[in-house]
Structure formats: C-alpha cells, structure tokens
$ cat protein_16.txt   # compact mmCIF, C-alpha atoms
# COMPACT_ATOMS: atom_id res chain seq x y z
CA MET A 7 -57.14 210.86 165.77
CA LYS A 8 -56.12 208.67 162.88
CA LYS A 9 -57.48 205.25 162.15
CA VAL A 10 -54.93 202.63 161.17
CA LYS A 11 -54.94 199.01 160.26
CA LYS A 12 -54.01 196.81 163.16
CA LEU A 13 -51.53 193.98 162.91
CA THR A 14 -52.97 190.58 162.35
CA ILE A 15 -52.04 188.61 165.42
CA VAL A 16 -50.73 185.15 164.80
CA SER A 17 -51.37 182.73 167.62
CA MET A 18 -48.23 181.99 169.61
CA THR A 19 -49.38 178.53 170.74
CA ALA A 20 -47.82 175.75 168.68
CA ILE A 21 -50.13 172.84 168.00
CA LEU A 22 -48.30 169.59 168.63
CA ALA A 23 -49.44 166.79 166.35
CA ALA A 24 -48.68 163.06 166.61
CA SER A 25 -47.93 160.78 163.71
CA SER A 26 -47.80 157.00 163.34
CA LEU A 27 -45.96 154.73 160.97
CA ALA A 28 -47.19 151.45 159.52
CA ALA A 29 -45.05 148.77 157.97
CA CYS A 30 -45.93 145.85 155.70
CA GLY A 31 -43.95 142.81 154.54
CA SER A 32 -44.06 140.09 151.88
CA SER A 33 -43.01 136.45 151.71
CA SER A 34 -42.43 133.80 149.07
CA THR A 35 -42.16 130.00 149.15
CA PRO A 36 -39.37 128.27 147.20
CA ASN A 37 -40.30 125.16 145.16
CA ALA A 38 -39.43 121.69 146.45
CA THR A 39 -36.36 121.09 144.25
CA THR A 40 -34.56 124.22 145.51
CA ALA A 41 -35.74 124.38 149.10
CA ALA A 42 -32.52 123.19 150.68
CA ALA A 43 -30.34 125.52 148.65
CA ALA A 44 -32.61 128.42 149.41
CA ALA A 45 -32.50 127.67 153.10
CA GLU A 46 -28.68 127.64 153.06
CA THR A 47 -28.61 130.92 151.09
CA THR A 48 -31.08 132.55 153.48
CA ALA A 49 -29.09 131.47 156.54
CA ALA A 50 -25.88 132.82 155.07
CA SER A 51 -27.58 136.08 154.11
CA GLU A 52 -29.03 136.53 157.58
CA THR A 53 -25.65 135.88 159.18
CA THR A 54 -24.01 138.48 156.90
CA ALA A 55 -26.80 141.00 157.55
CA SER A 56 -26.52 140.44 161.29
CA ASN A 57 -22.77 141.06 161.21
CA GLU A 58 -23.22 144.18 159.07
CA SER A 59 -25.96 145.45 161.36
CA THR A 60 -23.77 144.92 164.43
CA SER A 61 -20.88 146.73 162.75
CA ALA A 62 -23.13 149.62 161.68
CA ALA A 63 -24.54 149.93 165.19
CA LYS A 64 -21.02 150.13 166.63
CA GLU A 65 -20.05 152.81 164.08
CA SER A 66 -23.22 154.79 164.83
CA SER A 67 -22.60 154.58 168.57
CA GLN A 68 -19.00 155.72 168.11
CA ALA A 69 -20.09 158.65 165.91
CA ALA A 70 -22.68 159.73 168.47
CA ALA A 71 -20.08 159.63 171.22
CA GLU A 72 -17.62 161.66 169.15
CA SER A 73 -20.27 164.32 168.37
CA GLY A 74 -21.21 164.66 172.02
CA GLY A 75 -24.51 162.86 171.62
CA ALA A 76 -26.08 165.80 169.78
CA LYS A 77 -29.05 163.71 168.67
CA THR A 78 -30.00 160.07 168.68
CA ALA A 79 -33.00 158.70 166.83
CA GLY A 80 -33.95 156.22 169.53
CA ASP A 81 -34.41 158.45 172.57
CA LYS A 82 -34.80 161.80 170.79
CA LYS A 83 -32.13 163.75 172.60
CA PHE A 84 -31.46 167.24 171.30
CA LYS A 85 -28.93 170.04 171.68
CA VAL A 86 -30.17 173.61 171.40
CA GLY A 87 -27.93 176.67 171.28
CA ILE A 88 -29.09 180.10 172.44
CA CYS A 89 -27.23 183.19 171.26
CA GLN A 90 -28.37 186.29 173.17
CA LEU A 91 -27.08 189.63 171.93
CA VAL A 92 -26.74 191.43 175.24
CA GLN A 93 -27.83 191.21 178.84
CA HIS A 94 -30.82 193.36 179.71
CA ASN A 95 -34.15 192.61 181.35
CA ALA A 96 -36.28 192.18 178.20
CA LEU A 97 -33.91 189.77 176.44
CA ASP A 98 -33.22 187.96 179.72
CA ALA A 99 -36.98 187.41 180.17
CA ALA A 100 -37.34 186.03 176.64
CA THR A 101 -34.47 183.61 177.19
CA LYS A 102 -35.91 182.52 180.53
CA GLY A 103 -39.33 181.86 178.98
CA PHE A 104 -37.70 179.82 176.21
CA GLU A 105 -35.47 177.75 178.52
CA GLU A 106 -38.11 177.00 181.13
CA THR A 107 -40.76 176.00 178.60
CA LEU A 108 -38.35 173.81 176.64
CA LYS A 109 -37.13 172.06 179.81
CA LYS A 110 -40.68 171.59 181.07
CA GLU A 111 -41.72 169.85 177.85
CA LEU A 112 -38.54 167.90 177.00
CA GLY A 113 -36.85 167.46 180.38
CA ASP A 114 -33.50 165.67 180.23
CA ASN A 115 -33.96 165.00 176.50
CA VAL A 116 -32.74 168.51 175.71
CA THR A 117 -29.41 170.14 176.49
CA ILE A 118 -29.36 173.94 176.26
CA ASP A 119 -26.19 175.92 175.62
CA LEU A 120 -26.78 179.61 176.47
CA GLN A 121 -24.15 182.14 175.41
CA ASN A 122 -24.25 185.94 175.62
CA ALA A 123 -22.46 188.12 173.07
CA GLN A 124 -22.23 191.11 175.44
CA GLY A 125 -23.57 193.45 172.78
CA ASP A 126 -20.99 192.56 170.12
CA SER A 127 -22.26 191.41 166.71
CA ALA A 128 -18.89 189.80 165.89
CA THR A 129 -19.18 187.69 169.04
CA CYS A 130 -22.65 186.60 167.89
CA ALA A 131 -21.01 185.20 164.75
CA THR A 132 -18.39 183.34 166.80
CA ILE A 133 -21.07 181.84 169.04
CA VAL A 134 -23.37 180.58 166.29
CA ASN A 135 -20.47 179.23 164.24
CA GLY A 136 -19.64 177.11 167.28
CA PHE A 137 -23.22 175.84 167.38
CA VAL A 138 -22.99 174.91 163.70
CA SER A 139 -19.62 173.17 164.09
CA ASN A 140 -21.05 171.06 166.92
CA GLU A 141 -24.09 170.16 164.81
CA TYR A 142 -26.71 171.47 167.21
CA ASP A 143 -30.30 170.57 166.39
CA LEU A 144 -31.69 174.10 166.65
CA ILE A 145 -30.45 177.65 167.24
CA MET A 146 -32.45 180.27 169.13
CA ALA A 147 -31.28 183.79 168.26
CA ASN A 148 -32.32 186.42 170.79
CA ALA A 149 -32.36 189.87 169.07
CA THR A 150 -31.80 190.92 165.48
CA PRO A 151 -27.95 190.86 165.28
CA ALA A 152 -27.97 187.35 166.75
CA LEU A 153 -30.52 186.28 164.13
CA GLN A 154 -28.50 187.79 161.30
CA ALA A 155 -25.35 186.03 162.51
CA ALA A 156 -27.17 182.69 162.67
CA VAL A 157 -28.57 183.10 159.15
CA SER A 158 -25.07 183.79 157.85
CA ALA A 159 -23.73 180.71 159.61
CA THR A 160 -26.10 177.98 158.40
CA THR A 161 -28.76 177.21 155.82
CA ASP A 162 -29.51 173.78 157.30
CA ILE A 163 -30.02 174.01 161.06
CA PRO A 164 -33.45 175.42 162.04
CA ILE A 165 -33.18 178.94 163.45
CA LEU A 166 -35.80 180.59 165.65
CA GLY A 167 -35.55 184.29 166.41
CA THR A 168 -37.12 186.13 169.31
CA SER A 169 -37.11 189.79 170.37
CA VAL A 170 -36.92 190.59 166.64
CA THR A 171 -39.25 193.38 165.57
CA ASP A 172 -39.60 192.93 161.82
CA TYR A 173 -38.24 189.84 160.06
CA GLY A 174 -38.49 191.39 156.62
CA THR A 175 -36.15 194.17 157.72
CA ALA A 176 -33.85 191.88 159.70
CA LEU A 177 -33.48 189.43 156.79
CA ASN A 178 -33.56 192.06 154.03
CA MET A 179 -36.69 190.51 152.47
CA SER A 180 -38.64 193.15 150.58
CA ASN A 181 -41.58 190.83 149.91
CA PHE A 182 -41.82 189.27 153.37
CA SER A 183 -45.35 187.98 154.03
CA GLY A 184 -45.22 186.09 157.32
CA THR A 185 -43.03 183.10 156.44
CA THR A 186 -39.39 183.24 155.35
CA GLY A 187 -39.10 180.29 152.96
CA ILE A 188 -35.69 179.50 154.49
CA ASN A 189 -34.53 177.81 157.71
CA VAL A 190 -35.86 180.67 159.85
CA SER A 191 -38.98 181.46 161.87
CA GLY A 192 -39.63 182.79 165.37
CA THR A 193 -41.50 185.43 167.31
CA SER A 194 -41.71 189.21 166.99
CA ASP A 195 -41.69 191.77 169.79
CA LEU A 196 -43.47 194.35 167.63
CA ALA A 197 -46.01 196.15 169.80
CA PRO A 198 -48.79 198.19 168.14
CA LEU A 199 -46.76 201.25 167.11
CA ASP A 200 -49.86 203.27 166.19
CA GLN A 201 -51.10 202.86 169.76
CA GLN A 202 -47.71 203.84 171.16
CA GLU A 203 -47.90 207.04 169.10
CA ASP A 204 -51.43 207.60 170.45
CA MET A 205 -49.93 207.29 173.93
CA ILE A 206 -47.55 210.20 173.24
CA LEU A 207 -50.48 212.44 172.31
CA GLU A 208 -52.54 211.22 175.26
CA LEU A 209 -49.86 211.88 177.88
CA VAL A 210 -48.49 215.08 176.29
CA PRO A 211 -51.57 216.63 174.60
CA ASP A 212 -49.81 219.92 173.84
CA VAL A 213 -46.79 218.23 172.25
CA LYS A 214 -45.28 220.14 169.34
CA LYS A 215 -42.09 218.18 168.66
CA VAL A 216 -41.15 214.59 169.46
CA GLY A 217 -37.59 213.32 169.56
CA ILE A 218 -37.02 209.75 168.33
CA LEU A 219 -33.93 208.15 169.86
CA TYR A 220 -32.30 204.94 168.60
CA CYS A 221 -29.02 203.26 167.72
CA SER A 222 -28.16 203.68 164.05
CA ALA A 223 -26.62 200.18 163.98
CA GLU A 224 -29.97 198.48 164.72
CA ALA A 225 -32.08 198.02 161.59
CA ASN A 226 -35.25 197.16 163.46
CA SER A 227 -35.00 200.35 165.51
CA LYS A 228 -34.93 202.32 162.26
CA PHE A 229 -38.01 200.38 161.10
CA GLN A 230 -39.94 201.37 164.24
CA ALA A 231 -38.81 204.98 164.00
CA THR A 232 -40.07 205.18 160.41
CA GLN A 233 -43.47 203.81 161.41
CA ILE A 234 -43.82 206.22 164.34
CA GLU A 235 -42.88 209.12 162.06
CA LYS A 236 -45.64 208.11 159.65
CA TYR A 237 -48.21 208.24 162.44
CA LEU A 238 -46.88 211.57 163.74
CA ASP A 239 -47.16 212.98 160.21
CA GLU A 240 -50.81 211.92 160.10
CA ASP A 241 -51.43 213.83 163.33
CA GLY A 242 -49.46 216.88 162.24
CA VAL A 243 -46.80 216.55 164.94
CA GLN A 244 -43.20 217.53 164.21
CA TYR A 245 -40.38 215.12 165.03
CA GLN A 246 -36.63 214.79 164.83
CA GLU A 247 -34.44 211.68 164.89
CA TYR A 248 -31.57 211.51 167.36
CA THR A 249 -29.30 208.58 166.57
CA PHE A 250 -26.19 207.27 168.27
CA SER A 251 -23.69 204.70 167.02
CA ASP A 252 -22.99 203.04 170.37
CA SER A 253 -23.34 203.63 174.10
CA ASN A 254 -20.31 205.95 174.21
CA ASP A 255 -22.13 208.84 172.52
CA LEU A 256 -25.59 208.20 173.98
CA GLN A 257 -25.40 210.79 176.75
CA SER A 258 -24.27 213.60 174.47
CA VAL A 259 -27.02 212.80 171.95
CA VAL A 260 -29.75 212.79 174.62
CA THR A 261 -28.38 216.03 176.08
CA SER A 262 -28.64 217.73 172.69
CA ALA A 263 -32.19 216.42 172.25
CA VAL A 264 -33.85 217.56 175.48
CA GLY A 265 -33.55 221.26 174.74
CA ASN A 266 -35.45 220.93 171.46
CA ILE A 267 -38.32 218.51 172.16
CA ASP A 268 -41.48 218.14 174.25
CA ALA A 269 -41.37 214.33 174.47
CA LEU A 270 -38.97 211.51 173.63
CA TYR A 271 -39.83 208.17 172.02
CA ILE A 272 -37.44 205.21 172.22
CA PRO A 273 -38.32 202.00 170.30
CA THR A 274 -37.27 198.51 171.38
CA ASP A 275 -33.60 199.31 170.83
CA ASN A 276 -31.14 196.94 172.53
CA THR A 277 -28.38 199.50 173.05
CA ALA A 278 -30.77 202.01 174.56
CA ALA A 279 -32.37 199.31 176.70
CA SER A 280 -28.98 198.45 178.16
CA ASN A 281 -28.29 202.09 179.00
CA MET A 282 -31.59 203.55 180.20
CA THR A 283 -29.92 204.90 183.35
CA VAL A 284 -27.84 207.16 181.10
CA VAL A 285 -31.01 208.39 179.39
CA ASN A 286 -32.80 208.90 182.71
CA ASN A 287 -29.96 210.98 184.14
CA VAL A 288 -30.55 213.53 181.38
CA THR A 289 -34.30 213.40 180.71
CA GLU A 290 -35.67 213.32 184.25
CA PRO A 291 -33.99 216.59 185.40
CA ALA A 292 -35.19 218.17 182.13
CA LYS A 293 -38.74 216.90 182.88
CA ILE A 294 -39.07 215.23 179.47
CA PRO A 295 -41.78 212.54 179.14
CA VAL A 296 -40.13 209.40 177.72
CA ILE A 297 -42.34 206.85 175.96
CA CYS A 298 -40.59 203.48 175.62
CA GLY A 299 -41.05 200.52 173.32
CA GLU A 300 -41.21 198.00 176.15
CA GLU A 301 -41.73 197.60 179.88
CA ASN A 302 -38.21 197.03 181.18
CA MET A 303 -36.88 200.12 179.43
CA MET A 304 -39.63 202.14 181.08
CA LYS A 305 -38.85 200.69 184.52
CA SER A 306 -35.20 201.68 184.12
CA GLY A 307 -35.77 205.29 183.16
CA GLY A 308 -38.90 206.09 181.16
CA LEU A 309 -42.42 207.35 181.76
CA ALA A 310 -44.81 204.94 180.03
CA THR A 311 -45.20 202.11 177.56
CA LEU A 312 -47.67 199.88 175.78
CA SER A 313 -45.77 196.69 176.38
CA ILE A 314 -45.76 192.97 175.71
CA SER A 315 -44.48 190.15 177.93
CA TYR A 316 -41.02 189.04 176.83
CA TYR A 317 -41.24 185.93 178.99
CA ASP A 318 -44.38 184.88 177.10
CA LEU A 319 -42.58 185.67 173.84
CA GLY A 320 -39.75 183.31 174.76
CA ALA A 321 -42.22 180.62 175.85
CA ALA A 322 -44.00 180.86 172.49
CA THR A 323 -40.65 180.46 170.73
CA ALA A 324 -40.04 177.29 172.75
CA LYS A 325 -43.38 175.89 171.56
CA GLN A 326 -42.20 176.45 168.00
CA ALA A 327 -38.94 174.67 168.83
CA ILE A 328 -40.79 171.67 170.23
CA ASP A 329 -42.92 171.45 167.10
CA ILE A 330 -39.76 171.41 164.97
CA LEU A 331 -37.72 169.01 167.11
CA VAL A 332 -40.40 166.53 168.14
CA ASN A 333 -42.89 166.67 165.29
CA GLY A 334 -40.59 167.55 162.41
CA ALA A 335 -42.41 170.78 161.56
CA ASP A 336 -40.97 172.70 158.61
CA VAL A 337 -39.40 175.91 159.91
CA SER A 338 -39.45 177.49 156.45
CA THR A 339 -43.27 177.47 156.36
CA MET A 340 -43.83 178.30 160.05
CA GLU A 341 -45.54 181.66 160.55
CA ILE A 342 -43.78 184.37 162.52
CA ALA A 343 -45.78 184.78 165.74
CA TYR A 344 -46.71 188.08 167.37
CA ALA A 345 -47.64 189.08 170.91
CA SER A 346 -51.35 188.71 171.53
CA ALA A 347 -51.68 191.04 174.53
CA THR A 348 -50.38 194.46 175.55
CA THR A 349 -50.57 196.49 178.76
CA LYS A 350 -50.57 200.27 179.28
CA GLU A 351 -48.09 200.91 182.09
CA TYR A 352 -46.29 203.85 183.64
CA ASN A 353 -43.36 204.45 185.95
CA LYS A 354 -44.86 206.18 189.00
CA LYS A 355 -41.51 207.40 190.29
CA TYR A 356 -40.72 209.06 186.96
CA ALA A 357 -44.22 210.53 186.62
CA ASP A 358 -43.97 212.07 190.10
CA ALA A 359 -40.49 213.43 189.35
CA ILE A 360 -41.56 215.28 186.19
CA GLY A 361 -44.98 216.27 187.58
CA ILE A 362 -47.30 214.58 185.09
CA THR A 363 -50.72 213.08 185.78
CA ILE A 364 -51.37 209.65 184.26
CA PRO A 365 -54.87 208.48 183.16
CA SER A 366 -56.58 205.88 185.35
CA ASP A 367 -56.44 203.09 182.75
CA TYR A 368 -52.65 202.85 183.09
CA THR A 369 -51.08 200.39 185.52
CA ALA A 370 -48.49 201.89 187.87
CA VAL A 371 -45.12 200.15 188.03
CA GLU A 372 -42.91 201.06 190.96

$ encode --input "protein_16.txt" --output "structure tokens"
Amino acid sequence: MKKVKKLTIVSMTAILAASSLAACGSSSTPNATTAAAAAETTAASETTASNESTSAAKESSQAAAESGGAKTAGDKKFKVGICQLVQHNALDAATKGFEETLKKELGDNVTIDLQNAQGDSATCATIVNGFVSNEYDLIMANATPALQAAVSATTDIPILGTSVTDYGTALNMSNFSGTTGINVSGTSDLAPLDQQEDMILELVPDVKKVGILYCSAEANSKFQATQIEKYLDEDGVQYQEYTFSDSNDLQSVVTSAVGNIDALYIPTDNTAASNMTVVNNVTEPAKIPVICGEENMMKSGGLATLSISYYDLGAATAKQAIDILVNGADVSTMEIAYASATTKEYNKKYADAIGITIPSDYTAVE
C-alpha cells in the first residue's frame, strides 16, 4: 500500500481576542488680556459643534433606518446572508451548524437571511447580489457555485465558504497556499482522499476497475476525481470516469457504468448527493459497492465512507464569522480550516443487500 503525505489540519476553532482603546487630551490657558474673548469664542464653537453633532446624529439614524439597520456601531448589530446551493443533508447540516453557533454567540445582535438556490448557479448570483445591494455585513456561501457567485458579486463584503473542497480550484488560484489574499476564507469539506481510496481496496480487495462518478459542472468534484485517480495509479488499479451534466442524465450514466466496473467512487458532488436514490436504484440490484465522499450520500444509497461532520464544519465557519464581525479579523489573511476528525462508516442495509462483509472497525449506520 502506498504512503502519502497527509493534509495539514488547520484548527477550526477561532480564537476570539479583545482589544481596548485609550484616549488622551490636551488643554491650554489663554492669557489675561484675551480671556473674555476666548471664552466667547469657545462658547460659540461649542454651540455650533453641538448643533452639528445633533444634525449628524439625526442623519446617521435616518440612514440606518433606510438601510434596514444593517449595522450600527453602538450596539454591534449585524446582518448575515447565507446562500446555499441546494437542499441535501450535508449542506443542510453545515448551514444548521453555522446558524446555531452564530445565534448562540451573538443572539439578537445578528439577523440571518438564509436563501436556497435550488441547485441553480444563476440563482446563486441573484441571491448574493441581493445581499450586496442590502449591504450585508458578511456572506456565507454554502458549496462551490455559491462561493463563486459571491466572489463575482463583491470585493468588499467578507465572504466565508463552507462545504467547499479545494479553494484553489474553486477560485482558480494556481498558487493557493492556505489564504486567499482577497475577501474570502472559510472551511473545507476535503476528507483524506488517500484513505478513501484505501477504503475501496479494503472493502473490494479483488477490485480490477473502479468507476468514478461526478457532475462535470462541479470543479471540485473533478479535483477529487483527479486525486483518487492518482492514488489508484499508484496501486495499479484501473479506473474510468463517468460524468453527467445534470440530474437528467444521471441514471443512464450509472446504468452504463455498472456493467464495466467492480466498485464505484462518488466524491462530495452536490448533484450526486441530491440524487443518491437514483444511483441506488441502479447500483444495489447490480451489487456494486459504492464508496461515497461523505456520510449523508452513503446513508441515501452507498456502501461506505470516511466522513467528516458537516454540522461541525458549519459551526467552525460561524466561529470565523464571529472573529470577523466582532473582532475585526482580516478575512484575506484567515487560514482555510479543515475537518479535524473522520469516521469510517457503512450502510448496513446496503451491505446486506449486496452481500459484503464489513471490517469490525467500521461503524454501522442504519
């Protein structure tokens, strides 16, 4: 078995720091011959300043009311927009972790606007453009197309991604090294791909050919497929990619795959994750072991996974948000955070249906 370098795990706990401000003043004493004149000048100046201050306060209050109270310096109230690409269990869990952690820490001082694009990248753009127009304080983009839409919409508002596998690929940064240098950071759902490939060989020791299934429209799925292929090459295992453009041709692609492969690998692909029942309806009768990129895909129609917790991923993203909103942390220098724990799990129902025995160090999921 090969030996590969493991990902360096960046801690997902944001460290909240406090800061204090100090102010100093100066005074001067007028000489005796000009004291009266100075006093009159000072009084007039103070009256003018007071009037200007009152007028400015009224204008500021009116502007805040017109903008919907997006943010006020005094009580630190914030508006956060969440754009989620599509509804499926993994992304839902990440959003839930983000919302609950943010509300727990900030309470009524934060208003969260959650919108779902229903799998449409164009709708992602519409959603985030609305967030920008309303001058939200932060945008959370759940999945790669949502992140890409947010980056296209603003260079000023801090953007945090989650459920994004590789930020270099998502942002087209060839020299990505952990920070983006722009108004973007977040968390990655990249599980150890070398260990997922090991899992294929462990569960299907006589495997000769592996099918790799993903949506051609998802750049991060292609990234994962390329990495898995590299590891399969090292172990001398043949493979073939099976790509689909959208959910409409998924069934036909899977049907063509099962007659030519011994096992199927599906990365953390959002379109596949939303349609695992379609995959299951083809692969289970054909008794094909399906290794999935994450837990919820496996539960819906796969055999096994080495998975992370998407709820914890969302919670970690919320910690980053708090650091930015409350402490003024610079998003451009904030490290992308990775999952710190994985679990080997299997779908007992699927294993029983295809007649495969699972090693004892796997946790059964009904």

$ closest_atom_pairs --input "protein_16.txt" --of "segment 132-238 of chain A" --to "segment 89-102 of chain A" --cutoff "8 Å" --atoms "all atoms listed in the file" --output "JSON lines"
{"residue": "A:Ile133", "atom": "CA", "partner": "A:Cys89", "partner_atom": "CA", "distance": 6.7}
{"residue": "A:Val134", "atom": "CA", "partner": "A:Cys89", "partner_atom": "CA", "distance": 6.8}
{"residue": "A:Ile145", "atom": "CA", "partner": "A:Cys89", "partner_atom": "CA", "distance": 7.6}
{"residue": "A:Met146", "atom": "CA", "partner": "A:Cys89", "partner_atom": "CA", "distance": 6.3}
{"residue": "A:Ala147", "atom": "CA", "partner": "A:Cys89", "partner_atom": "CA", "distance": 5.1}
{"residue": "A:Asn148", "atom": "CA", "partner": "A:Gln90", "partner_atom": "CA", "distance": 4.6}
{"residue": "A:Ala149", "atom": "CA", "partner": "A:Leu91", "partner_atom": "CA", "distance": 6.0}
{"residue": "A:Pro151", "atom": "CA", "partner": "A:Leu91", "partner_atom": "CA", "distance": 6.8}
{"residue": "A:Ala152", "atom": "CA", "partner": "A:Leu91", "partner_atom": "CA", "distance": 5.7}
{"residue": "A:Thr168", "atom": "CA", "partner": "A:Ala100", "partner_atom": "CA", "distance": 7.3}
{"residue": "A:Ser169", "atom": "CA", "partner": "A:Leu97", "partner_atom": "CA", "distance": 6.9}

$ write_last_selection --input "protein_16.txt" --atoms "C-alpha atoms" --output "PDB file, in the coordinates of the input"
ATOM      1  CA  ILE A 133     -21.070 181.840 169.040  1.00  0.00           C
ATOM      2  CA  VAL A 134     -23.370 180.580 166.290  1.00  0.00           C
ATOM      3  CA  ILE A 145     -30.450 177.650 167.240  1.00  0.00           C
ATOM      4  CA  MET A 146     -32.450 180.270 169.130  1.00  0.00           C
ATOM      5  CA  ALA A 147     -31.280 183.790 168.260  1.00  0.00           C
ATOM      6  CA  ASN A 148     -32.320 186.420 170.790  1.00  0.00           C
ATOM      7  CA  ALA A 149     -32.360 189.870 169.070  1.00  0.00           C
ATOM      8  CA  PRO A 151     -27.950 190.860 165.280  1.00  0.00           C
ATOM      9  CA  ALA A 152     -27.970 187.350 166.750  1.00  0.00           C
ATOM     10  CA  THR A 168     -37.120 186.130 169.310  1.00  0.00           C
ATOM     11  CA  SER A 169     -37.110 189.790 170.370  1.00  0.00           C
TER      12      SER A 169
END

$ residues_around --input "protein_16.txt" --residues "Tyr248 of chain A" --least-positions-apart "5" --cutoff "12 Å" --atoms "only C-alpha atoms" --output "ChimeraX atom specification"
/A:216-222,227-228,231,255-264,266-267,270-272,278

$ closest_residue --input "protein_16.txt" --among "A:Val332, A:Val288, A:Met282, A:Ala345" --to "Gly265 of chain A" --atoms "only C-alpha atoms"
A:Val288

$ closest_residue --input "protein_16.txt" --among "A:Gly113, A:Gly174, A:Gly87, A:Gly192" --to "Glu341 of chain A" --atoms "only C-alpha atoms"
A:Gly192

$ closest_residue --input "protein_16.txt" --among "A:Leu331, A:Leu153, A:Ala269, A:Ala321" --to "Cys298 of chain A" --atoms "only C-alpha atoms"
A:Ala269

$ atom_distance --input "protein_16.txt" --atom1 "atom CA of Ser346 of chain A" --atom2 "atom CA of Glu300 of chain A"
14.5 Å

$ residues_around --input "protein_16.txt" --residues "Asp162 of chain A" --least-positions-apart "2" --cutoff "7 Å" --atoms "only C-alpha atoms" --output "PyMOL selection string"
chain A and resi 160+164+189

$ atom_distance --input "protein_16.txt" --atom1 "atom CA of Gln246 of chain A" --atom2 "atom CA of Ser313 of chain A"
23.3 Å

$ atom_distance --input "protein_16.txt" --atom1 "atom CA of Asp126 of chain A" --atom2 "atom CA of Ala159 of chain A"
16.1 Å

$ residues_near_point --input "protein_16.txt" --point "(-31.7, 210.9, 184.0)" --cutoff "12 Å" --atoms "all atoms listed in the file" --output "ChimeraX atom specification"
/A:257,260-261,264,281-296,306-309,356,359-360

$ axis_aligned_box --input "protein_16.txt" --around "segment 352-369 of chain A" --padding-each-side "4 Å" --output "JSON"
{"center_x": -48.5, "center_y": 208.3, "center_z": 186.5, "size_x": 24.1, "size_y": 23.9, "size_z": 15.5}

$ residues_around --input "protein_16.txt" --residues "Lys109 of chain A" --least-positions-apart "4" --cutoff "12 Å" --atoms "all atoms listed in the file" --output "compact mmCIF listing (two decimals) with C-alpha atoms, in the coordinates of the input"
# COMPACT_ATOMS: atom_id res chain seq x y z
CA PHE A 84 -31.46 167.24 171.30
CA LYS A 85 -28.93 170.04 171.68
CA VAL A 86 -30.17 173.61 171.40
CA LYS A 102 -35.91 182.52 180.53
CA GLY A 103 -39.33 181.86 178.98
CA PHE A 104 -37.70 179.82 176.21
CA GLU A 105 -35.47 177.75 178.52
CA GLY A 113 -36.85 167.46 180.38
CA ASP A 114 -33.50 165.67 180.23
CA ASN A 115 -33.96 165.00 176.50
CA VAL A 116 -32.74 168.51 175.71
CA THR A 117 -29.41 170.14 176.49
CA ILE A 118 -29.36 173.94 176.26
CA ALA A 321 -42.22 180.62 175.85
CA ALA A 324 -40.04 177.29 172.75
CA LYS A 325 -43.38 175.89 171.56
CA ALA A 327 -38.94 174.67 168.83
CA ILE A 328 -40.79 171.67 170.23

$ closest_residue --input "protein_16.txt" --among "A:Thr277, A:Thr311, A:Gln154, A:Asn333" --to "Glu203 of chain A" --atoms "all atoms listed in the file"
A:Thr311

$ closest_residue --input "protein_16.txt" --among "A:Leu238, A:Leu120, A:Ala310, A:Phe137" --to "Thr363 of chain A" --atoms "all atoms listed in the file"
A:Ala310

$ residues_around --input "protein_16.txt" --residues "Val337 of chain A" --least-positions-apart "2" --cutoff "10 Å" --atoms "all atoms listed in the file" --output "PyMOL selection string"
chain A and resi 163-166+185-192+326-327+329-330+334-335+339-342

$ closest_residue --input "protein_16.txt" --among "A:Gly167, A:Pro211, A:Gly299, A:Pro198" --to "Asp268 of chain A" --atoms "only C-alpha atoms"
A:Pro211
